[in-house]
>>> print(open('query.pdb').read())   # PDB, C-alpha atoms, pLDDT in the B column
ATOM      1  CA  MET A   1      31.195  77.055 110.608  1.00 44.00           C
ATOM      2  CA  MET A   2      29.625  76.529 107.261  1.00 47.00           C
ATOM      3  CA  THR A   3      29.976  73.312 105.344  1.00 47.00           C
ATOM      4  CA  GLU A   4      30.564  73.705 101.644  1.00 51.00           C
ATOM      5  CA  ILE A   5      28.801  71.324  99.300  1.00 50.00           C
ATOM      6  CA  THR A   6      30.174  70.987  95.875  1.00 46.00           C
ATOM      7  CA  TYR A   7      27.834  69.800  93.210  1.00 46.00           C
ATOM      8  CA  ALA A   8      29.259  67.891  90.373  1.00 45.00           C
ATOM      9  CA  GLU A   9      27.373  67.675  87.151  1.00 49.00           C
ATOM     10  CA  VAL A  10      26.960  64.119  86.193  1.00 46.00           C
ATOM     11  CA  ARG A  11      25.640  63.261  82.774  1.00 52.00           C
ATOM     12  CA  PHE A  12      24.680  59.770  81.645  1.00 46.00           C
ATOM     13  CA  LYS A  13      25.078  58.961  78.002  1.00 51.00           C
ATOM     14  CA  ASN A  14      23.270  56.085  76.375  1.00 52.00           C
ATOM     15  CA  GLU A  15      25.973  53.979  74.804  1.00 53.00           C
ATOM     16  CA  PRO A  16      24.899  51.972  71.737  1.00 55.00           C
ATOM     17  CA  GLN A  17      24.476  48.372  72.590  1.00 54.00           C
ATOM     18  CA  PRO A  18      26.021  45.786  70.311  1.00 55.00           C
ATOM     19  CA  MET A  19      23.410  44.193  68.011  1.00 56.00           C
ATOM     20  CA  VAL A  20      22.669  40.671  68.888  1.00 50.00           C
ATOM     21  CA  ILE A  21      21.975  38.627  65.770  1.00 52.00           C
ATOM     22  CA  PRO A  22      19.242  36.173  66.502  1.00 52.00           C
ATOM     23  CA  SER A  23      20.303  32.623  66.271  1.00 52.00           C
ATOM     24  CA  GLN A  24      17.470  32.058  63.816  1.00 51.00           C
ATOM     25  CA  ALA A  25      18.863  34.467  61.226  1.00 48.00           C
ATOM     26  CA  PRO A  26      20.612  31.749  59.193  1.00 50.00           C
ATOM     27  CA  THR A  27      17.436  29.723  59.236  1.00 49.00           C
ATOM     28  CA  ALA A  28      15.557  32.707  57.856  1.00 47.00           C
ATOM     29  CA  SER A  29      18.100  32.941  55.074  1.00 48.00           C
ATOM     30  CA  LYS A  30      17.572  29.282  54.256  1.00 47.00           C
ATOM     31  CA  GLU A  31      13.852  29.716  54.250  1.00 48.00           C
ATOM     32  CA  LYS A  32      14.200  32.459  51.680  1.00 49.00           C
ATOM     33  CA  THR A  33      16.038  30.108  49.285  1.00 51.00           C
ATOM     34  CA  SER A  34      13.655  27.167  49.748  1.00 51.00           C
ATOM     35  CA  PRO A  35      10.756  28.278  47.465  1.00 59.00           C
ATOM     36  CA  PRO A  36      12.679  27.514  44.188  1.00 64.00           C
ATOM     37  CA  GLN A  37      13.275  23.936  45.399  1.00 72.00           C
ATOM     38  CA  SER A  38       9.627  23.584  46.282  1.00 78.00           C
ATOM     39  CA  ASN A  39       8.601  24.727  42.785  1.00 82.00           C
ATOM     40  CA  SER A  40      10.930  22.193  41.183  1.00 82.00           C
ATOM     41  CA  VAL A  41       9.391  19.386  43.215  1.00 84.00           C
ATOM     42  CA  LYS A  42       5.925  20.512  42.196  1.00 83.00           C
ATOM     43  CA  LEU A  43       6.909  20.590  38.511  1.00 84.00           C
ATOM     44  CA  LEU A  44       8.434  17.130  38.783  1.00 85.00           C
ATOM     45  CA  LEU A  45       5.290  15.744  40.427  1.00 87.00           C
ATOM     46  CA  ALA A  46       3.118  17.347  37.743  1.00 87.00           C
ATOM     47  CA  ALA A  47       5.271  15.816  34.990  1.00 88.00           C
ATOM     48  CA  LEU A  48       5.067  12.400  36.638  1.00 89.00           C
ATOM     49  CA  LEU A  49       1.294  12.733  36.941  1.00 89.00           C
ATOM     50  CA  ILE A  50       0.950  13.630  33.256  1.00 91.00           C
ATOM     51  CA  LEU A  51       3.182  10.694  32.306  1.00 90.00           C
ATOM     52  CA  LEU A  52       1.085   8.377  34.452  1.00 90.00           C
ATOM     53  CA  LEU A  53      -2.137   9.604  32.831  1.00 90.00           C
ATOM     54  CA  LEU A  54      -0.667   9.150  29.360  1.00 89.00           C
ATOM     55  CA  THR A  55       0.455   5.627  30.245  1.00 92.00           C
ATOM     56  CA  ILE A  56      -3.003   4.745  31.556  1.00 92.00           C
ATOM     57  CA  SER A  57      -4.635   6.180  28.405  1.00 85.00           C
ATOM     58  CA  PHE A  58      -2.268   4.162  26.221  1.00 86.00           C
ATOM     59  CA  LEU A  59      -3.005   0.969  28.134  1.00 87.00           C
ATOM     60  CA  ILE A  60      -6.765   1.528  27.873  1.00 91.00           C
ATOM     61  CA  THR A  61      -6.483   2.201  24.119  1.00 88.00           C
ATOM     62  CA  PHE A  62      -4.319  -0.904  23.662  1.00 86.00           C
ATOM     63  CA  ILE A  63      -6.745  -3.091  25.618  1.00 90.00           C
ATOM     64  CA  ILE A  64      -9.725  -1.841  23.584  1.00 88.00           C
ATOM     65  CA  PHE A  65      -7.849  -2.387  20.312  1.00 81.00           C
ATOM     66  CA  PHE A  66      -6.720  -5.859  21.392  1.00 80.00           C
ATOM     67  CA  GLN A  67     -10.277  -6.839  22.352  1.00 76.00           C
ATOM     68  CA  LYS A  68     -11.654  -5.649  19.014  1.00 72.00           C
ATOM     69  CA  TYR A  69      -8.862  -7.420  17.123  1.00 71.00           C
ATOM     70  CA  SER A  70      -9.433 -10.650  19.059  1.00 67.00           C
ATOM     71  CA  LYS A  71     -13.161 -10.435  18.383  1.00 62.00           C
ATOM     72  CA  LEU A  72     -12.507  -9.914  14.669  1.00 62.00           C
ATOM     73  CA  VAL A  73     -10.149 -12.896  14.535  1.00 55.00           C
ATOM     74  CA  GLN A  74     -12.657 -15.066  16.382  1.00 58.00           C
ATOM     75  CA  GLU A  75     -15.473 -14.001  14.054  1.00 49.00           C
ATOM     76  CA  GLU A  76     -13.337 -14.713  11.003  1.00 50.00           C
ATOM     77  CA  LYS A  77     -12.316 -18.091  12.398  1.00 50.00           C
ATOM     78  CA  PHE A  78     -15.931 -18.870  13.259  1.00 45.00           C
ATOM     79  CA  THR A  79     -16.997 -17.921   9.723  1.00 46.00           C
ATOM     80  CA  GLN A  80     -14.333 -20.172   8.210  1.00 48.00           C
ATOM     81  CA  GLU A  81     -15.307 -23.065  10.467  1.00 48.00           C
ATOM     82  CA  LEU A  82     -18.977 -22.455   9.793  1.00 49.00           C
ATOM     83  CA  THR A  83     -18.350 -22.627   6.038  1.00 64.00           C
ATOM     84  CA  HIS A  84     -17.414 -26.295   6.327  1.00 71.00           C
ATOM     85  CA  THR A  85     -19.479 -27.326   9.321  1.00 75.00           C
ATOM     86  CA  MET A  86     -21.606 -29.731   7.278  1.00 89.00           C
ATOM     87  CA  LEU A  87     -19.512 -32.348   5.525  1.00 92.00           C
ATOM     88  CA  GLU A  88     -20.331 -35.369   3.421  1.00 92.00           C
ATOM     89  CA  CYS A  89     -17.694 -38.041   3.918  1.00 92.00           C
ATOM     90  CA  LYS A  90     -16.749 -41.299   2.276  1.00 89.00           C
ATOM     91  CA  LYS A  91     -14.577 -44.024   3.744  1.00 86.00           C
ATOM     92  CA  GLU A  92     -11.512 -44.697   1.640  1.00 78.00           C
ATOM     93  CA  ASN A  93      -8.612 -47.075   2.014  1.00 72.00           C
ATOM     94  CA  SER A  94      -6.059 -44.921   0.223  1.00 61.00           C
ATOM     95  CA  THR A  95      -6.393 -41.660   2.141  1.00 53.00           C
ATOM     96  CA  THR A  96      -3.760 -39.817   4.163  1.00 56.00           C
ATOM     97  CA  LYS A  97      -1.967 -41.893   6.800  1.00 62.00           C
ATOM     98  CA  GLY A  98      -4.033 -42.186   9.952  1.00 65.00           C
ATOM     99  CA  LYS A  99      -7.152 -40.753   8.271  1.00 71.00           C
ATOM    100  CA  SER A 100      -9.670 -42.995   6.566  1.00 81.00           C
ATOM    101  CA  TRP A 101     -12.445 -40.546   5.635  1.00 89.00           C
ATOM    102  CA  SER A 102     -12.387 -38.094   2.721  1.00 92.00           C
ATOM    103  CA  CYS A 103     -14.952 -35.303   2.943  1.00 95.00           C
ATOM    104  CA  CYS A 104     -16.406 -32.496   0.895  1.00 95.00           C
ATOM    105  CA  PRO A 105     -18.646 -29.695   2.157  1.00 96.00           C
ATOM    106  CA  LYS A 106     -22.341 -30.354   1.642  1.00 93.00           C
ATOM    107  CA  ASN A 107     -23.499 -29.668  -1.939  1.00 94.00           C
ATOM    108  CA  TRP A 108     -19.928 -29.961  -3.266  1.00 97.00           C
ATOM    109  CA  LYS A 109     -19.103 -32.810  -5.650  1.00 97.00           C
ATOM    110  CA  PRO A 110     -16.014 -34.990  -5.089  1.00 96.00           C
ATOM    111  CA  PHE A 111     -13.557 -36.030  -7.785  1.00 97.00           C
ATOM    112  CA  CYS A 112     -10.127 -37.542  -7.118  1.00 95.00           C
ATOM    113  CA  SER A 113      -8.560 -35.448  -4.336  1.00 94.00           C
ATOM    114  CA  ASN A 114     -10.731 -32.363  -4.889  1.00 97.00           C
ATOM    115  CA  CYS A 115     -14.216 -30.998  -4.218  1.00 98.00           C
ATOM    116  CA  TYR A 116     -16.176 -28.880  -6.707  1.00 98.00           C
ATOM    117  CA  LEU A 117     -19.022 -26.408  -6.279  1.00 98.00           C
ATOM    118  CA  PHE A 118     -21.082 -25.432  -9.323  1.00 98.00           C
ATOM    119  CA  SER A 119     -22.514 -22.013  -8.503  1.00 96.00           C
ATOM    120  CA  SER A 120     -26.087 -20.891  -9.130  1.00 94.00           C
ATOM    121  CA  GLU A 121     -25.449 -17.112  -8.993  1.00 96.00           C
ATOM    122  CA  LYS A 122     -23.956 -15.047 -11.800  1.00 97.00           C
ATOM    123  CA  LYS A 123     -20.972 -12.798 -11.013  1.00 98.00           C
ATOM    124  CA  ASN A 124     -18.104 -11.273 -12.962  1.00 98.00           C
ATOM    125  CA  TRP A 125     -14.754 -13.093 -12.960  1.00 98.00           C
ATOM    126  CA  THR A 126     -13.167 -11.130 -10.098  1.00 97.00           C
ATOM    127  CA  ASP A 127     -16.201 -11.473  -7.826  1.00 98.00           C
ATOM    128  CA  SER A 128     -16.466 -15.159  -8.697  1.00 98.00           C
ATOM    129  CA  GLU A 129     -12.887 -15.715  -7.534  1.00 98.00           C
ATOM    130  CA  LYS A 130     -13.543 -13.751  -4.329  1.00 97.00           C
ATOM    131  CA  HIS A 131     -16.635 -15.869  -3.710  1.00 97.00           C
ATOM    132  CA  CYS A 132     -14.572 -19.046  -3.999  1.00 97.00           C
ATOM    133  CA  ALA A 133     -11.792 -17.624  -1.811  1.00 97.00           C
ATOM    134  CA  GLY A 134     -14.359 -16.852   0.884  1.00 95.00           C
ATOM    135  CA  MET A 135     -15.013 -20.601   1.083  1.00 95.00           C
ATOM    136  CA  GLN A 136     -11.285 -21.470   1.239  1.00 94.00           C
ATOM    137  CA  ALA A 137     -11.349 -22.476  -2.420  1.00 97.00           C
ATOM    138  CA  HIS A 138     -10.501 -20.998  -5.846  1.00 98.00           C
ATOM    139  CA  LEU A 139     -11.916 -20.980  -9.353  1.00 98.00           C
ATOM    140  CA  VAL A 140     -11.383 -24.363 -10.923  1.00 98.00           C
ATOM    141  CA  VAL A 141      -7.969 -25.288 -12.343  1.00 98.00           C
ATOM    142  CA  VAL A 142      -8.209 -28.017 -14.993  1.00 98.00           C
ATOM    143  CA  ASP A 143      -5.212 -30.376 -14.928  1.00 96.00           C
ATOM    144  CA  SER A 144      -6.378 -33.300 -17.044  1.00 97.00           C
ATOM    145  CA  LYS A 145      -8.930 -34.551 -19.582  1.00 97.00           C
ATOM    146  CA  GLU A 146     -10.476 -36.725 -16.860  1.00 98.00           C
ATOM    147  CA  GLU A 147     -11.102 -33.662 -14.731  1.00 98.00           C
ATOM    148  CA  GLN A 148     -12.575 -31.765 -17.694  1.00 98.00           C
ATOM    149  CA  ASP A 149     -14.870 -34.705 -18.486  1.00 98.00           C
ATOM    150  CA  PHE A 150     -16.049 -34.782 -14.862  1.00 98.00           C
ATOM    151  CA  ILE A 151     -16.842 -31.066 -15.015  1.00 98.00           C
ATOM    152  CA  ASN A 152     -18.671 -31.418 -18.327  1.00 97.00           C
ATOM    153  CA  LYS A 153     -20.989 -34.017 -16.787  1.00 97.00           C
ATOM    154  CA  ASN A 154     -21.964 -31.766 -13.882  1.00 97.00           C
ATOM    155  CA  VAL A 155     -22.563 -28.367 -15.484  1.00 97.00           C
ATOM    156  CA  ASN A 156     -25.953 -27.083 -16.649  1.00 96.00           C
ATOM    157  CA  ARG A 157     -26.063 -26.962 -20.432  1.00 92.00           C
ATOM    158  CA  ASN A 158     -28.111 -23.721 -20.329  1.00 94.00           C
ATOM    159  CA  TYR A 159     -25.300 -21.670 -18.747  1.00 96.00           C
ATOM    160  CA  ALA A 160     -21.631 -20.794 -19.091  1.00 97.00           C
ATOM    161  CA  TYR A 161     -19.127 -21.092 -16.207  1.00 98.00           C
ATOM    162  CA  TYR A 162     -16.028 -19.120 -15.335  1.00 98.00           C
ATOM    163  CA  LEU A 163     -12.796 -21.102 -15.015  1.00 98.00           C
ATOM    164  CA  GLY A 164      -9.748 -19.997 -13.030  1.00 98.00           C
ATOM    165  CA  LEU A 165      -7.888 -19.109 -16.240  1.00 98.00           C
ATOM    166  CA  SER A 166      -7.005 -15.562 -17.335  1.00 97.00           C
ATOM    167  CA  ASP A 167      -4.208 -13.403 -18.731  1.00 94.00           C
ATOM    168  CA  LEU A 168      -4.894 -10.466 -16.420  1.00 92.00           C
ATOM    169  CA  LYS A 169      -1.625 -10.472 -14.456  1.00 86.00           C
ATOM    170  CA  ASN A 170       1.250 -11.194 -16.820  1.00 80.00           C
ATOM    171  CA  GLY A 171      -0.274 -10.959 -20.279  1.00 86.00           C
ATOM    172  CA  HIS A 172      -0.239 -14.705 -20.833  1.00 92.00           C
ATOM    173  CA  TRP A 173      -2.722 -17.405 -19.869  1.00 96.00           C
ATOM    174  CA  GLU A 174      -2.253 -18.761 -16.384  1.00 96.00           C
ATOM    175  CA  TRP A 175      -4.409 -20.307 -13.659  1.00 97.00           C
ATOM    176  CA  VAL A 176      -5.413 -18.598 -10.425  1.00 97.00           C
ATOM    177  CA  ASN A 177      -2.809 -20.677  -8.567  1.00 94.00           C
ATOM    178  CA  GLU A 178      -0.194 -19.025 -10.860  1.00 91.00           C
ATOM    179  CA  THR A 179       0.386 -22.256 -12.785  1.00 92.00           C
ATOM    180  CA  PRO A 180       1.130 -21.521 -16.477  1.00 93.00           C
ATOM    181  CA  LEU A 181      -1.328 -23.020 -18.954  1.00 96.00           C
ATOM    182  CA  ASN A 182      -0.164 -26.434 -20.152  1.00 95.00           C
ATOM    183  CA  GLN A 183      -0.715 -26.331 -23.897  1.00 94.00           C
ATOM    184  CA  ASN A 184      -1.072 -30.116 -23.869  1.00 95.00           C
ATOM    185  CA  VAL A 185      -4.097 -29.865 -21.590  1.00 96.00           C
ATOM    186  CA  THR A 186      -6.381 -27.310 -23.247  1.00 97.00           C
ATOM    187  CA  PHE A 187      -9.994 -27.579 -24.378  1.00 97.00           C
ATOM    188  CA  TRP A 188     -10.539 -24.465 -26.476  1.00 97.00           C
ATOM    189  CA  HIS A 189     -13.402 -24.269 -28.931  1.00 96.00           C
ATOM    190  CA  PRO A 190     -12.100 -24.116 -32.510  1.00 93.00           C
ATOM    191  CA  GLY A 191     -10.700 -20.650 -33.243  1.00 94.00           C
ATOM    192  CA  GLU A 192     -10.390 -19.706 -29.562  1.00 95.00           C
ATOM    193  CA  PRO A 193      -8.949 -17.652 -27.970  1.00 95.00           C
ATOM    194  CA  ASN A 194      -9.621 -15.030 -30.622  1.00 93.00           C
ATOM    195  CA  ASN A 195      -9.736 -11.592 -28.970  1.00 89.00           C
ATOM    196  CA  ASP A 196      -6.884  -9.685 -27.304  1.00 89.00           C
ATOM    197  CA  TYR A 197      -9.399  -7.677 -25.290  1.00 93.00           C
ATOM    198  CA  GLU A 198     -11.014 -10.735 -23.703  1.00 96.00           C
ATOM    199  CA  HIS A 199      -8.900 -11.761 -20.713  1.00 97.00           C
ATOM    200  CA  CYS A 200     -10.963 -14.411 -18.927  1.00 98.00           C
ATOM    201  CA  VAL A 201     -12.178 -17.894 -19.836  1.00 98.00           C
ATOM    202  CA  ILE A 202     -15.549 -19.597 -19.607  1.00 98.00           C
ATOM    203  CA  LEU A 203     -16.691 -23.129 -20.232  1.00 98.00           C
ATOM    204  CA  ASN A 204     -19.719 -23.106 -22.530  1.00 97.00           C
ATOM    205  CA  LEU A 205     -21.655 -25.346 -24.899  1.00 95.00           C
ATOM    206  CA  ARG A 206     -21.089 -24.708 -28.562  1.00 89.00           C
ATOM    207  CA  PHE A 207     -20.784 -26.337 -31.999  1.00 74.00           C
ATOM    208  CA  LEU A 208     -22.523 -29.688 -32.115  1.00 72.00           C
ATOM    209  CA  ARG A 209     -23.393 -29.294 -28.456  1.00 85.00           C
ATOM    210  CA  VAL A 210     -19.808 -29.747 -27.302  1.00 93.00           C
ATOM    211  CA  TRP A 211     -18.392 -28.172 -24.144  1.00 96.00           C
ATOM    212  CA  GLY A 212     -15.240 -26.110 -24.594  1.00 97.00           C
ATOM    213  CA  TRP A 213     -13.291 -23.048 -23.517  1.00 98.00           C
ATOM    214  CA  ASN A 214     -13.965 -19.552 -24.805  1.00 97.00           C
ATOM    215  CA  ASP A 215     -12.212 -16.264 -23.966  1.00 97.00           C
ATOM    216  CA  ILE A 216     -14.570 -13.524 -22.812  1.00 97.00           C
ATOM    217  CA  SER A 217     -14.645 -10.106 -21.145  1.00 97.00           C
ATOM    218  CA  CYS A 218     -14.061 -10.473 -17.401  1.00 97.00           C
ATOM    219  CA  ASN A 219     -16.928  -8.095 -16.603  1.00 97.00           C
ATOM    220  CA  VAL A 220     -19.696 -10.279 -18.020  1.00 97.00           C
ATOM    221  CA  PRO A 221     -21.704 -11.979 -15.221  1.00 98.00           C
ATOM    222  CA  GLN A 222     -21.525 -15.776 -15.477  1.00 98.00           C
ATOM    223  CA  LEU A 223     -21.848 -18.804 -13.235  1.00 98.00           C
ATOM    224  CA  SER A 224     -18.614 -20.315 -11.953  1.00 98.00           C
ATOM    225  CA  ILE A 225     -16.965 -23.468 -10.611  1.00 98.00           C
ATOM    226  CA  CYS A 226     -15.059 -23.459  -7.307  1.00 98.00           C
ATOM    227  CA  GLU A 227     -12.453 -26.076  -6.408  1.00 98.00           C
ATOM    228  CA  MET A 228     -10.813 -27.065  -3.125  1.00 97.00           C
ATOM    229  CA  LEU A 229      -8.864 -30.006  -1.708  1.00 96.00           C
ATOM    230  CA  LYS A 230     -10.805 -32.701   0.089  1.00 95.00           C
ATOM    231  CA  ILE A 231     -10.901 -32.648   3.874  1.00 92.00           C
ATOM    232  CA  TYR A 232      -9.509 -35.813   5.459  1.00 90.00           C
ATOM    233  CA  LEU A 233     -10.643 -37.106   8.824  1.00 85.00           C
TER
END
>>> encode(input="query.pdb", output="structure tokens")
Amino acid sequence: MMTEITYAEVRFKNEPQPMVIPSQAPTASKEKTSPPQSNSVKLLLAALLILLLLTISFLITFIIFFQKYSKLVQEEKFTQELTHTMLECKKENSTTKGKSWSCCPKNWKPFCSNCYLFSSEKKNWTDSEKHCAGMQAHLVVVDSKEEQDFINKNVNRNYAYYLGLSDLKNGHWEWVNETPLNQNVTFWHPGEPNNDYEHCVILNLRFLRVWGWNDISCNVPQLSICEMLKIYL
């Protein structure tokens, strides 16, 4: 008896497996969007660094400027103090309250409440006024006959001296302290002032050897007289 064997054809088919999305896929997506944020942070840091450098530069510039300015102020103050370091003082009973000494810088001459310096170097009117201003003074302003007499006694008869009187600013005679000329207190030589083109005034000796005022060009070098208030100690 024969046994029959039946063969069955069996075929195996590879079925597609479902794709498993790695759990890190979302992270990868996030990592792809992160570079723009990183660039923004870098730009912000760069801007802050530039701002910091600018601030430091400004501070350094300010400090240097402040030091130079302070040095200039100190030098100017030192110069002003040095101008009147040497004083000649006189004890007075009628000085400012609490101060009994009236002083003038050395080589200045006292009269009433003022000090006077009779220069020995010729300059034009403008430079003469600047020279006086550099000593905390001004070209002399004559307020009375007594003051004019005092000046006349102390000037050198061989020279002329600039006064603080001109018509440069407003077209009429006024003193350097902007006080208008008092016509009751004038000491013009006869016939003076006599020239519309002469805008400054000198004190000179003329006619019978008498001191008087004369208008003159402001550019002519002359000696001058400086005036300042006394210093009270």
>>> residues_around(input="query.pdb", residues="segment 115-122 of chain A", least_positions_apart="3", cutoff="10 Å", atoms="all atoms listed in the file", output="PyMOL selection string")
chain A and resi 103-112+125+127-128+131-132+137-140+151+154-156+159-162+220-231
>>> write_last_selection(input="query.pdb", atoms="C-alpha atoms", output="tab-separated table (two decimals), in the coordinates of the input")
chain	number	residue	atom	x	y	z
A	103	CYS	CA	-14.95	-35.30	2.94
A	104	CYS	CA	-16.41	-32.50	0.90
A	105	PRO	CA	-18.65	-29.70	2.16
A	106	LYS	CA	-22.34	-30.35	1.64
A	107	ASN	CA	-23.50	-29.67	-1.94
A	108	TRP	CA	-19.93	-29.96	-3.27
A	109	LYS	CA	-19.10	-32.81	-5.65
A	110	PRO	CA	-16.01	-34.99	-5.09
A	111	PHE	CA	-13.56	-36.03	-7.78
A	112	CYS	CA	-10.13	-37.54	-7.12
A	125	TRP	CA	-14.75	-13.09	-12.96
A	127	ASP	CA	-16.20	-11.47	-7.83
A	128	SER	CA	-16.47	-15.16	-8.70
A	131	HIS	CA	-16.64	-15.87	-3.71
A	132	CYS	CA	-14.57	-19.05	-4.00
A	137	ALA	CA	-11.35	-22.48	-2.42
A	138	HIS	CA	-10.50	-21.00	-5.85
A	139	LEU	CA	-11.92	-20.98	-9.35
A	140	VAL	CA	-11.38	-24.36	-10.92
A	151	ILE	CA	-16.84	-31.07	-15.02
A	154	ASN	CA	-21.96	-31.77	-13.88
A	155	VAL	CA	-22.56	-28.37	-15.48
A	156	ASN	CA	-25.95	-27.08	-16.65
A	159	TYR	CA	-25.30	-21.67	-18.75
A	160	ALA	CA	-21.63	-20.79	-19.09
A	161	TYR	CA	-19.13	-21.09	-16.21
A	162	TYR	CA	-16.03	-19.12	-15.34
A	220	VAL	CA	-19.70	-10.28	-18.02
A	221	PRO	CA	-21.70	-11.98	-15.22
A	222	GLN	CA	-21.52	-15.78	-15.48
A	223	LEU	CA	-21.85	-18.80	-13.24
A	224	SER	CA	-18.61	-20.32	-11.95
A	225	ILE	CA	-16.96	-23.47	-10.61
A	226	CYS	CA	-15.06	-23.46	-7.31
A	227	GLU	CA	-12.45	-26.08	-6.41
A	228	MET	CA	-10.81	-27.06	-3.12
A	229	LEU	CA	-8.86	-30.01	-1.71
A	230	LYS	CA	-10.80	-32.70	0.09
A	231	ILE	CA	-10.90	-32.65	3.87
>>> resolve_selection(input="query.pdb", expression="the PyMOL selection byres ((chain A and resi 200-211) around 6)", output="NGL selection string")
:A and (160-163 or 165-166 or 199 or 212-216 or 218)
>>> atom_distance(input="query.pdb", atom1="atom CA of Met135 of chain A", atom2="atom CA of Asn114 of chain A")
13.9 Å
>>> atom_distance(input="query.pdb", atom1="atom CA of Phe65 of chain A", atom2="atom CA of Gly134 of chain A")
25.1 Å
>>> closest_residue(input="query.pdb", among="A:Glu192, A:Leu53, A:Asn158, A:Val142", to="Asn177 of chain A", atoms="all atoms listed in the file")
A:Val142
>>> closest_residue(input="query.pdb", among="A:Phe66, A:Asn182, A:Phe187, A:Lys123", to="Glu146 of chain A", atoms="all atoms listed in the file")
A:Phe187
>>> axis_aligned_box(input="query.pdb", around="segment 172-190 of chain A", padding_each_side="5 Å", output="JSON")
{"center_x": -6.1, "center_y": -22.4, "center_z": -20.5, "size_x": 24.5, "size_y": 25.4, "size_z": 33.9}
>>> atom_distance(input="query.pdb", atom1="atom CA of Asn124 of chain A", atom2="atom CA of Gly164 of chain A")
12.1 Å
>>> closest_residue(input="query.pdb", among="A:Ser57, A:Thr186, A:Ser102, A:Asn219", to="Val141 of chain A", atoms="all atoms listed in the file")
A:Thr186
